[in-house]
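One file, entry32.cif, carrying mmCIF, C-alpha atoms:
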data_structure
loop_
_atom_site.label_atom_id
_atom_site.label_comp_id
_atom_site.auth_asym_id
_atom_site.auth_seq_id
_atom_site.Cartn_x
_atom_site.Cartn_y
_atom_site.Cartn_z
CA MET A 1 9.99 34.28 -20.15
CA LEU A 2 6.55 35.19 -21.49
CA HIS A 3 3.61 32.86 -20.85
CA LEU A 4 0.73 32.90 -23.31
CA GLY A 5 -2.72 31.36 -23.13
CA LEU A 6 -4.37 30.72 -26.49
CA ASP A 7 -8.14 30.14 -26.66
CA LEU A 8 -9.12 29.01 -30.15
CA SER A 9 -12.55 29.40 -31.71
CA ARG A 10 -13.71 29.16 -35.29
CA LYS A 11 -13.09 32.78 -36.22
CA ARG A 12 -10.47 34.06 -33.77
CA LEU A 13 -7.69 33.24 -31.37
CA ASP A 14 -7.92 34.98 -27.98
CA VAL A 15 -4.50 35.60 -26.43
CA CYS A 16 -3.42 36.50 -22.90
CA VAL A 17 0.25 37.36 -22.21
CA LEU A 18 1.72 37.09 -18.71
CA ASN A 19 5.23 37.66 -17.43
CA GLU A 20 7.00 35.51 -14.84
CA ALA A 21 5.39 37.48 -11.99
CA GLY A 22 1.87 36.85 -13.36
CA THR A 23 1.31 40.44 -14.52
CA LYS A 24 -0.83 40.85 -17.64
CA LEU A 25 1.25 42.40 -20.40
CA ALA A 26 -1.29 42.13 -23.19
CA VAL A 27 -4.74 40.83 -24.05
CA THR A 28 -5.33 40.58 -27.78
CA GLN A 29 -6.93 38.60 -30.60
CA ALA A 30 -5.71 37.20 -33.91
CA PRO A 31 -7.22 35.34 -36.87
CA PRO A 32 -6.40 31.61 -36.60
CA ASP A 33 -4.74 31.51 -40.03
CA LEU A 34 -1.08 31.64 -41.04
CA ASP A 35 -1.02 35.41 -41.67
CA GLY A 36 -2.76 36.10 -38.36
CA LEU A 37 -0.32 33.89 -36.46
CA ARG A 38 2.66 35.63 -38.08
CA HIS A 39 1.30 39.02 -37.06
CA LEU A 40 0.74 37.71 -33.51
CA ALA A 41 4.32 36.44 -33.33
CA LYS A 42 5.61 39.90 -34.30
CA GLU A 43 3.40 41.55 -31.66
CA VAL A 44 4.66 39.22 -28.93
CA ALA A 45 8.28 39.54 -30.08
CA ALA A 46 8.08 43.27 -29.32
CA LEU A 47 7.47 42.40 -25.65
CA GLY A 48 10.82 40.58 -25.50
CA GLY A 49 11.85 37.23 -24.04
CA PRO A 50 11.29 33.61 -25.03
CA VAL A 51 7.69 32.40 -25.30
CA SER A 52 5.95 29.47 -23.63
CA ALA A 53 2.31 29.02 -24.71
CA ALA A 54 -0.60 26.67 -24.03
CA ILE A 55 -3.68 25.94 -26.15
CA GLU A 56 -6.59 23.57 -25.48
CA SER A 57 -6.90 20.44 -27.58
CA MET A 58 -9.54 20.91 -30.28
CA ASN A 59 -9.87 20.87 -34.03
CA GLY A 60 -7.34 23.36 -35.42
CA ALA A 61 -5.12 23.39 -32.32
CA ARG A 62 -2.43 21.32 -34.02
CA PHE A 63 -2.20 23.77 -36.91
CA VAL A 64 -1.71 26.63 -34.43
CA HIS A 65 0.82 24.53 -32.48
CA ASP A 66 2.87 23.57 -35.55
CA SER A 67 2.84 27.09 -37.03
CA LEU A 68 3.94 28.82 -33.82
CA GLU A 69 6.57 26.17 -33.05
CA LEU A 70 8.16 26.97 -36.44
CA MET A 71 8.26 30.62 -35.36
CA GLY A 72 10.33 29.73 -32.29
CA TRP A 73 7.63 29.40 -29.64
CA ASP A 74 7.38 26.55 -27.15
CA VAL A 75 3.71 25.50 -27.40
CA GLU A 76 1.89 22.76 -25.46
CA ILE A 77 -1.55 21.39 -26.26
CA ALA A 78 -3.55 20.94 -23.04
CA ASP A 79 -6.15 18.25 -22.38
CA ALA A 80 -9.44 20.20 -22.38
CA GLN A 81 -11.14 17.99 -19.78
CA LYS A 82 -8.23 18.20 -17.35
CA VAL A 83 -8.03 21.98 -17.73
CA LYS A 84 -11.66 22.20 -16.58
CA GLY A 85 -10.81 20.12 -13.52
CA LEU A 86 -7.80 22.27 -12.67
CA ALA A 87 -9.56 25.60 -13.05
CA PRO A 88 -13.33 25.44 -12.42
CA LEU A 89 -14.77 28.94 -12.81
CA ALA A 90 -18.08 30.59 -12.04
CA CYS A 91 -17.75 32.80 -15.13
CA LYS A 92 -16.46 31.46 -18.44
CA THR A 93 -15.47 33.67 -21.37
CA ASP A 94 -12.85 33.33 -24.08
CA LYS A 95 -10.63 35.94 -22.41
CA ILE A 96 -10.84 34.14 -19.05
CA ASP A 97 -10.04 30.81 -20.75
CA ALA A 98 -6.94 32.38 -22.33
CA TRP A 99 -5.85 33.79 -18.95
CA VAL A 100 -6.34 30.37 -17.26
CA LEU A 101 -4.13 28.70 -19.89
CA ALA A 102 -1.48 31.40 -19.50
CA GLU A 103 -1.53 30.97 -15.71
CA LEU A 104 -1.20 27.19 -16.03
CA SER A 105 1.78 27.71 -18.32
CA ARG A 106 3.36 30.14 -15.83
CA ARG A 107 2.94 27.67 -12.98
CA ASP A 108 4.13 24.73 -15.13
CA LEU A 109 0.80 22.93 -14.59
CA VAL A 110 -0.31 22.44 -18.22
CA PRO A 111 -1.84 18.92 -18.61
CA ALA A 112 -0.14 18.46 -21.98
CA ILE A 113 -1.17 15.70 -24.37
CA TRP A 114 1.20 13.64 -26.51
CA LEU A 115 1.47 14.80 -30.11
CA PRO A 116 2.09 12.12 -32.75
CA ASP A 117 4.54 12.83 -35.54
CA PRO A 118 3.22 13.50 -39.09
CA GLU A 119 3.67 9.86 -40.14
CA ILE A 120 1.49 8.57 -37.30
CA ARG A 121 -1.05 11.33 -37.95
CA ALA A 122 -1.29 10.18 -41.57
CA GLU A 123 -1.79 6.55 -40.47
CA ARG A 124 -4.56 7.62 -38.08
CA GLU A 125 -6.29 9.70 -40.73
CA ARG A 126 -6.34 6.79 -43.20
CA ALA A 127 -7.83 4.38 -40.66
CA ARG A 128 -10.33 6.95 -39.34
CA PHE A 129 -11.49 7.96 -42.83
CA ARG A 130 -12.22 4.32 -43.70
CA LEU A 131 -14.32 4.05 -40.53
CA HIS A 132 -16.10 7.30 -41.46
CA LEU A 133 -17.06 5.85 -44.86
CA VAL A 134 -18.22 2.58 -43.29
CA ARG A 135 -20.50 4.43 -40.89
CA HIS A 136 -22.09 6.37 -43.75
CA ARG A 137 -22.69 3.11 -45.60
CA VAL A 138 -24.35 1.59 -42.53
CA MET A 139 -26.61 4.65 -42.20
CA LEU A 140 -27.77 4.29 -45.81
CA LYS A 141 -28.45 0.57 -45.40
CA ASN A 142 -30.42 1.20 -42.22
CA ARG A 143 -32.48 3.82 -44.02
CA ILE A 144 -33.46 1.32 -46.73
CA HIS A 145 -34.41 -1.28 -44.10
CA SER A 146 -36.50 1.40 -42.38
CA SER A 147 -38.36 2.17 -45.62
CA LEU A 148 -39.25 -1.50 -46.09
CA LEU A 149 -40.46 -1.74 -42.51
CA ALA A 150 -42.59 1.42 -42.90
CA PHE A 151 -44.54 -0.16 -45.78
CA GLY A 152 -44.79 -3.65 -44.31
CA LYS A 153 -42.45 -5.24 -46.86
CA PRO A 154 -40.75 -8.42 -45.57
CA CYS A 155 -37.06 -9.12 -46.12
CA PRO A 156 -36.83 -12.87 -46.86
CA VAL A 157 -33.16 -12.74 -47.95
CA SER A 158 -30.17 -12.86 -45.61
CA ASP A 159 -28.35 -10.03 -47.42
CA LEU A 160 -30.62 -7.29 -48.72
CA PHE A 161 -27.71 -5.75 -50.63
CA GLY A 162 -26.48 -8.92 -52.34
CA LYS A 163 -27.63 -10.18 -55.73
CA SER A 164 -30.99 -11.62 -54.62
CA GLY A 165 -31.59 -8.67 -52.30
CA ARG A 166 -31.03 -6.17 -55.12
CA GLU A 167 -33.51 -8.09 -57.27
CA LEU A 168 -36.04 -7.91 -54.44
CA LEU A 169 -35.55 -4.16 -54.11
CA GLY A 170 -36.00 -3.76 -57.85
CA ARG A 171 -39.41 -5.50 -57.72
CA LEU A 172 -40.74 -3.35 -54.88
CA GLU A 173 -43.63 -1.07 -55.71
CA LEU A 174 -43.37 1.81 -53.29
CA PRO A 175 -44.80 5.31 -53.80
CA ASP A 176 -42.61 8.29 -54.56
CA PRO A 177 -40.32 9.60 -53.14
CA TRP A 178 -39.38 6.32 -51.40
CA THR A 179 -38.63 4.45 -54.63
CA LYS A 180 -36.34 7.24 -55.80
CA ASN A 181 -34.68 7.52 -52.39
CA ILE A 182 -33.92 3.79 -52.29
CA ALA A 183 -32.38 3.92 -55.78
CA THR A 184 -30.24 6.91 -54.77
CA ALA A 185 -29.15 5.20 -51.57
CA LEU A 186 -28.17 2.03 -53.48
CA SER A 187 -26.09 4.11 -55.89
CA MET A 188 -24.33 5.84 -52.99
CA ILE A 189 -23.70 2.46 -51.30
CA ASP A 190 -22.02 1.23 -54.48
CA ASP A 191 -19.81 4.34 -54.57
CA LEU A 192 -18.91 3.91 -50.91
CA ASP A 193 -18.10 0.23 -51.50
CA SER A 194 -15.53 1.17 -54.12
CA GLU A 195 -14.01 3.90 -51.92
CA ILE A 196 -13.83 1.57 -48.90
CA ASP A 197 -12.18 -1.13 -51.02
CA ALA A 198 -9.56 1.39 -52.15
CA CYS A 199 -8.94 2.47 -48.54
CA GLU A 200 -8.59 -1.13 -47.39
CA LYS A 201 -6.16 -1.91 -50.20
CA GLU A 202 -3.99 1.01 -49.10
CA LEU A 203 -4.20 0.04 -45.42
CA ARG A 204 -3.28 -3.57 -46.20
CA SER A 205 -0.24 -2.40 -48.14
CA LEU A 206 0.89 -0.06 -45.35
CA GLY A 207 0.12 -2.62 -42.64
CA ALA A 208 2.43 -5.17 -44.23
CA ASP A 209 5.41 -2.96 -43.33
CA HIS A 210 4.15 -1.81 -39.91
CA PRO A 211 6.12 -3.40 -37.02
CA TYR A 212 3.04 -3.71 -34.78
CA VAL A 213 0.34 -5.02 -37.14
CA SER A 214 1.67 -8.58 -37.55
CA LEU A 215 1.99 -8.88 -33.76
CA LEU A 216 -1.52 -7.56 -33.14
CA GLN A 217 -3.04 -9.97 -35.66
CA SER A 218 -1.88 -12.89 -33.51
CA ALA A 219 -4.28 -11.80 -30.73
CA PRO A 220 -7.88 -13.10 -30.65
CA GLY A 221 -10.43 -10.86 -32.35
CA ILE A 222 -7.91 -8.66 -34.20
CA ALA A 223 -7.66 -8.86 -37.98
CA TRP A 224 -5.55 -6.59 -40.15
CA VAL A 225 -8.01 -3.64 -40.26
CA LEU A 226 -8.37 -3.49 -36.47
CA GLY A 227 -4.65 -4.22 -36.12
CA PHE A 228 -3.71 -1.21 -38.25
CA THR A 229 -6.23 1.03 -36.44
CA ILE A 230 -4.98 0.01 -32.98
CA ALA A 231 -1.33 0.39 -34.01
CA SER A 232 -1.87 3.89 -35.42
CA GLU A 233 -3.88 5.04 -32.39
CA ILE A 234 -1.30 3.75 -29.87
CA GLY A 235 1.69 5.22 -31.70
CA ASP A 236 4.94 4.53 -29.85
CA ILE A 237 4.36 1.87 -27.19
CA SER A 238 7.49 2.92 -25.28
CA ARG A 239 5.68 5.99 -23.93
CA PHE A 240 3.55 3.69 -21.75
CA SER A 241 5.59 2.44 -18.80
CA SER A 242 3.08 -0.23 -17.75
CA PRO A 243 -0.13 -1.96 -18.95
CA LYS A 244 -2.10 0.24 -16.54
CA LYS A 245 -0.84 3.36 -18.29
CA LEU A 246 -2.02 2.01 -21.65
CA MET A 247 -5.39 0.98 -20.19
CA GLY A 248 -5.81 4.48 -18.74
CA TYR A 249 -5.06 5.95 -22.16
CA THR A 250 -7.79 3.84 -23.78
CA GLY A 251 -10.48 5.25 -21.48
CA LEU A 252 -11.79 1.75 -20.70
CA CYS A 253 -11.12 2.04 -16.94
CA PRO A 254 -14.00 3.07 -14.62
CA ARG A 255 -14.09 6.48 -12.99
CA VAL A 256 -13.14 6.36 -9.30
CA TYR A 257 -14.69 8.57 -6.61
CA GLN A 258 -13.02 8.28 -3.20
CA SER A 259 -13.75 10.18 -0.02
CA GLY A 260 -12.61 8.93 3.36
CA GLY A 261 -13.56 5.28 3.65
CA LYS A 262 -15.93 5.41 0.67
CA ASP A 263 -14.95 4.19 -2.75
CA PHE A 264 -17.36 4.44 -5.70
CA ARG A 265 -16.74 3.14 -9.23
CA GLY A 266 -18.59 4.89 -12.02
CA PRO A 267 -18.81 4.44 -15.79
CA ILE A 268 -15.70 4.19 -17.94
CA SER A 269 -13.71 7.42 -18.21
CA LYS A 270 -13.63 7.56 -22.04
CA ASN A 271 -10.27 9.33 -22.04
CA GLY A 272 -7.95 9.06 -25.02
CA PRO A 273 -8.80 8.44 -28.68
CA LYS A 274 -12.35 7.21 -29.20
CA TYR A 275 -11.22 5.24 -32.27
CA LEU A 276 -8.81 3.20 -30.13
CA ARG A 277 -11.59 2.48 -27.64
CA TRP A 278 -13.95 1.45 -30.45
CA SER A 279 -11.32 -0.84 -31.99
CA LEU A 280 -10.65 -2.62 -28.69
CA ILE A 281 -14.37 -3.10 -27.98
CA GLU A 282 -14.85 -4.41 -31.52
CA ALA A 283 -11.98 -6.85 -31.02
CA ALA A 284 -13.45 -7.91 -27.66
CA VAL A 285 -16.76 -8.81 -29.33
CA HIS A 286 -14.94 -11.44 -31.40
CA ALA A 287 -12.43 -12.41 -28.70
CA SER A 288 -15.20 -13.18 -26.20
CA SER A 289 -15.90 -16.45 -28.05
CA HIS A 290 -12.21 -17.45 -28.01
CA PRO A 291 -11.36 -20.26 -25.50
CA ILE A 292 -8.94 -17.97 -23.61
CA TYR A 293 -11.60 -15.36 -22.78
CA LYS A 294 -14.90 -17.23 -23.15
CA ASN A 295 -15.16 -18.54 -19.57
CA HIS A 296 -14.42 -15.13 -18.03
CA TYR A 297 -16.85 -13.45 -20.43
CA ASP A 298 -19.64 -15.92 -19.66
CA ARG A 299 -19.12 -15.68 -15.88
CA THR A 300 -19.19 -11.87 -15.90
CA LYS A 301 -22.22 -11.78 -18.18
CA ALA A 302 -24.16 -14.23 -15.98
CA ARG A 303 -23.16 -12.46 -12.75
CA LEU A 304 -24.31 -9.00 -13.85
CA GLY A 305 -27.50 -10.07 -15.60
CA ARG A 306 -28.96 -9.81 -19.06
CA GLN A 307 -29.42 -6.03 -19.13
CA ARG A 308 -25.86 -4.87 -18.52
CA GLY A 309 -23.78 -8.03 -18.17
CA ALA A 310 -22.79 -8.39 -21.82
CA LYS A 311 -21.60 -4.79 -22.13
CA ILE A 312 -19.45 -4.87 -19.00
CA ALA A 313 -18.10 -8.31 -19.88
CA ARG A 314 -16.98 -7.00 -23.28
CA ILE A 315 -15.23 -4.06 -21.62
CA GLU A 316 -13.40 -6.43 -19.28
CA VAL A 317 -12.26 -8.54 -22.23
CA ALA A 318 -11.13 -5.34 -23.98
CA ARG A 319 -9.03 -4.43 -20.93
CA LYS A 320 -7.47 -7.89 -20.88
CA LEU A 321 -6.68 -7.53 -24.58
CA THR A 322 -5.11 -4.13 -23.87
CA GLU A 323 -2.84 -5.66 -21.22
CA ALA A 324 -1.83 -8.42 -23.65
CA ILE A 325 -1.18 -5.83 -26.38
CA TRP A 326 1.19 -3.89 -24.10
CA HIS A 327 3.25 -7.01 -23.39
CA MET A 328 3.25 -8.05 -27.06
CA LEU A 329 4.43 -4.70 -28.38
CA GLN A 330 6.96 -4.12 -25.60
CA THR A 331 8.61 -7.53 -26.02
CA GLY A 332 8.04 -8.01 -29.75
CA SER A 333 6.31 -11.35 -29.09
CA MET A 334 3.23 -12.93 -30.59
CA PHE A 335 0.12 -13.36 -28.44
CA ALA A 336 0.38 -16.27 -25.99
CA PRO A 337 -2.02 -17.36 -23.22
CA ALA A 338 -1.05 -16.84 -19.60
CA ARG A 339 1.45 -19.33 -18.15
CA SER A 340 2.68 -20.34 -21.58
CA PRO A 341 5.94 -19.22 -23.25
CA ALA A 342 5.60 -16.25 -25.58
CA ALA A 343 6.22 -16.87 -29.24
CA PRO A 344 9.08 -14.68 -30.52
CA LEU A 345 8.54 -12.73 -33.70
CA VAL A 346 10.23 -14.49 -36.59
CA ALA A 347 11.86 -12.13 -39.05
#

Render the structure in this file as structure tokens.
Amino acid sequence: MLHLGLDLSRKRLDVCVLNEAGTKLAVTQAPPDLDGLRHLAKEVAALGGPVSAAIESMNGARFVHDSLELMGWDVEIADAQKVKGLAPLACKTDKIDAWVLAELSRRDLVPAIWLPDPEIRAERERARFRLHLVRHRVMLKNRIHSSLLAFGKPCPVSDLFGKSGRELLGRLELPDPWTKNIATALSMIDDLDSEIDACEKELRSLGADHPYVSLLQSAPGIAWVLGFTIASEIGDISRFSSPKKLMGYTGLCPRVYQSGGKDFRGPISKNGPKYLRWSLIEAAVHASSHPIYKNHYDRTKARLGRQRGAKIARIEVARKLTEAIWHMLQTGSMFAPARSPAAPLVA
């Protein structure tokens, strides 16, 4: 068995090849494209034996993984943060990183991440691209508000980008280039509106057939957009054996530092997909006013004070929602408050 460490950068793939005894057989490089990977596979095939490889999770790692798997390799994608914890080094270079990954593969210590299938990847990309467009639209709207504030122009309308707001913007007399910039931003906002509407139409159509979305929509604070995003980010719920496993995956649990009799709790770990974490926090903002969570939210907010109470209270509500989501998806039941019978999903 050959064990390979693959360190990917924008222009090259650094490779370290070890045998079962840990002896270096080769240290090489390859372009991270299909032709370069084919040439690398031929080089390694000349050394003989089956191949087990490890590559850190980053943009482009899945292409390398999929391409080499089709060539007969067994490739794992390692969690980059956990690799740093397993192998802290005084000197860090691409060659050393490749050797560390190869050594972890040889010792069967690769902290591998779960890889979704192409269908789930496509669902995630659709939901994430919609969010990407929404964030660009928000940035443009904030820029227009900033221009009005810079010139002391009040905003007497509730929606600056509605009909009356557009009329107000048309009557503004600002010097160049601000007038031109506002007109350009409004045109881009209109284009983004149409693209976002098209994305939402597609997501609504796909969500109607998704087995998780209808269940998630029964929970407080989750509408169909958040429901589709959460469903695509979770993937297969059966891979989480308990609610704690799912909560750990969301990255909403605090970091824990223990030594002897001391136990410190730090900020949230932020492991797992950031889009899942954002969706759950967004759902918690709305769920915090629901009767089921309102009392707990208000108590936590009052206990921790005005400065940080609201943020921590929202995170706690998000964790409670995560626990409810695990039970809902595992049992196929609609959301139900504690100590009340769950509502079965009606076909």

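Applied to the file shown here, the PyMOL selection byres ((chain A and resi 133-142) around 7) selects Phe129, Arg130, Leu131, His132, Arg143, Ile144, His145, Ser146, Ala185, Ile189, Leu192 and Ile196 of chain A.
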
### Message
For this structure, which residues satisfy the selection - the PyMOL selection byres ((chain A and resi 319) around 12) - when it is evaluated on the file as given? I want them as a PyMOL selection string.
### Response
chain A and resi 243-254+268+276-277+279-281+283-284+287-288+293+297+312-318+320-326

### Message
Residues near Ser147 of chain A, anyone? I mean within 12 Å using all atoms listed in the file, not counting same-chain ones fewer than 4 positions away, as a VMD selection string.
### Response
chain A and resid 140 to 143 151 to 155 169 172 to 183 185

Residues from the last selection, C-alpha atoms, saved as a PDB file, in the frame of the given file:
ATOM      1  CA  LEU A 140     -27.770   4.290 -45.810  1.00  0.00           C
ATOM      2  CA  LYS A 141     -28.450   0.570 -45.400  1.00  0.00           C
ATOM      3  CA  ASN A 142     -30.420   1.200 -42.220  1.00  0.00           C
ATOM      4  CA  ARG A 143     -32.480   3.820 -44.020  1.00  0.00           C
ATOM      5  CA  PHE A 151     -44.540  -0.160 -45.780  1.00  0.00           C
ATOM      6  CA  GLY A 152     -44.790  -3.650 -44.310  1.00  0.00           C
ATOM      7  CA  LYS A 153     -42.450  -5.240 -46.860  1.00  0.00           C
ATOM      8  CA  PRO A 154     -40.750  -8.420 -45.570  1.00  0.00           C
ATOM      9  CA  CYS A 155     -37.060  -9.120 -46.120  1.00  0.00           C
ATOM     10  CA  LEU A 169     -35.550  -4.160 -54.110  1.00  0.00           C
ATOM     11  CA  LEU A 172     -40.740  -3.350 -54.880  1.00  0.00           C
ATOM     12  CA  GLU A 173     -43.630  -1.070 -55.710  1.00  0.00           C
ATOM     13  CA  LEU A 174     -43.370   1.810 -53.290  1.00  0.00           C
ATOM     14  CA  PRO A 175     -44.800   5.310 -53.800  1.00  0.00           C
ATOM     15  CA  ASP A 176     -42.610   8.290 -54.560  1.00  0.00           C
ATOM     16  CA  PRO A 177     -40.320   9.600 -53.140  1.00  0.00           C
ATOM     17  CA  TRP A 178     -39.380   6.320 -51.400  1.00  0.00           C
ATOM     18  CA  THR A 179     -38.630   4.450 -54.630  1.00  0.00           C
ATOM     19  CA  LYS A 180     -36.340   7.240 -55.800  1.00  0.00           C
ATOM     20  CA  ASN A 181     -34.680   7.520 -52.390  1.00  0.00           C
ATOM     21  CA  ILE A 182     -33.920   3.790 -52.290  1.00  0.00           C
ATOM     22  CA  ALA A 183     -32.380   3.920 -55.780  1.00  0.00           C
ATOM     23  CA  ALA A 185     -29.150   5.200 -51.570  1.00  0.00           C
TER      24      ALA A 185
END

### Task
Could you give me, as an MDAnalysis selection string, the residues that have an atom at most 12 Å away from the point (4.2, 36.5, -15.6) in the coordinates of the file, using only C-alpha atoms?
chainID A and resid 1:5 16:26 49 51:53 99 102:108

### Residues within 6 Å of (-7.1, 36.4, -27.3), file coords, all atoms listed in the file, listed as JSON, numbers by chain
{"A": [13, 14, 15, 16, 27, 28, 29]}

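Candidate residues A:Val110, A:Leu160, A:Ala45, A:Ile96 were compared for distance to Ser57 of chain A, and the nearest is A:Val110, using all atoms listed in the file.
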
Would you list the contacts of Asn59 of chain A as a PDB file with C-alpha atoms, in the frame of the given file, taking every protein, DNA or RNA residue within 12 Å and counting only C-alpha atoms, but skipping same-chain residues closer than 3 positions in sequence?
ATOM      1  CA  ASP A   7      -8.140  30.140 -26.660  1.00  0.00           C
ATOM      2  CA  LEU A   8      -9.120  29.010 -30.150  1.00  0.00           C
ATOM      3  CA  SER A   9     -12.550  29.400 -31.710  1.00  0.00           C
ATOM      4  CA  ARG A  10     -13.710  29.160 -35.290  1.00  0.00           C
ATOM      5  CA  PRO A  32      -6.400  31.610 -36.600  1.00  0.00           C
ATOM      6  CA  ILE A  55      -3.680  25.940 -26.150  1.00  0.00           C
ATOM      7  CA  GLU A  56      -6.590  23.570 -25.480  1.00  0.00           C
ATOM      8  CA  ARG A  62      -2.430  21.320 -34.020  1.00  0.00           C
ATOM      9  CA  PHE A  63      -2.200  23.770 -36.910  1.00  0.00           C
ATOM     10  CA  VAL A  64      -1.710  26.630 -34.430  1.00  0.00           C
ATOM     11  CA  HIS A  65       0.820  24.530 -32.480  1.00  0.00           C
ATOM     12  CA  ILE A  77      -1.550  21.390 -26.260  1.00  0.00           C
ATOM     13  CA  ALA A  80      -9.440  20.200 -22.380  1.00  0.00           C
TER      14      ALA A  80
END

### Query
Closest to Gly227 of chain A among A:Asp79, A:Asp97, A:Glu123, A:Asp33, using all atoms listed in the file?
A:Glu123

### Query
Suppose you want the space between atom CA of Pro291 of chain A and atom CA of Ser333 of chain A; what is it in Å?
20.1 Å

#### Entry: One-decimal distance in Å that lies between atom CA of Ser205 of chain A and atom CA of Ala223 of chain A
14.1 Å

### Query
For the atom pair atom CA of Ser241 of chain A and atom CA of Leu115 of chain A, what is the interatomic distance in Å to one decimal place?
17.3 Å

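Nearest residue to Gly221 of chain A, choosing from A:Glu119, A:Glu69, A:Glu282, A:Asp35 and counting only C-alpha atoms: A:Glu282.
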
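Here the question is which of A:Trp114, A:Cys91, A:Thr184, A:Lys163 gets nearest to Ala78 of chain A using all atoms listed in the file, and that residue is A:Trp114.
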
Leaving out Asp236 of chain A and any residue of its chain fewer than 5 positions from it, which residues lie within 10 Å of it when counting all atoms listed in the file, given as a compact mmCIF listing (two decimals) with C-alpha atoms, keeping the file's coordinate frame?
# COMPACT_ATOMS: atom_id res chain seq x y z
CA PRO A 116 2.09 12.12 -32.75
CA ILE A 120 1.49 8.57 -37.30
CA TYR A 212 3.04 -3.71 -34.78
CA ALA A 231 -1.33 0.39 -34.01
CA LEU A 329 4.43 -4.70 -28.38
CA GLN A 330 6.96 -4.12 -25.60
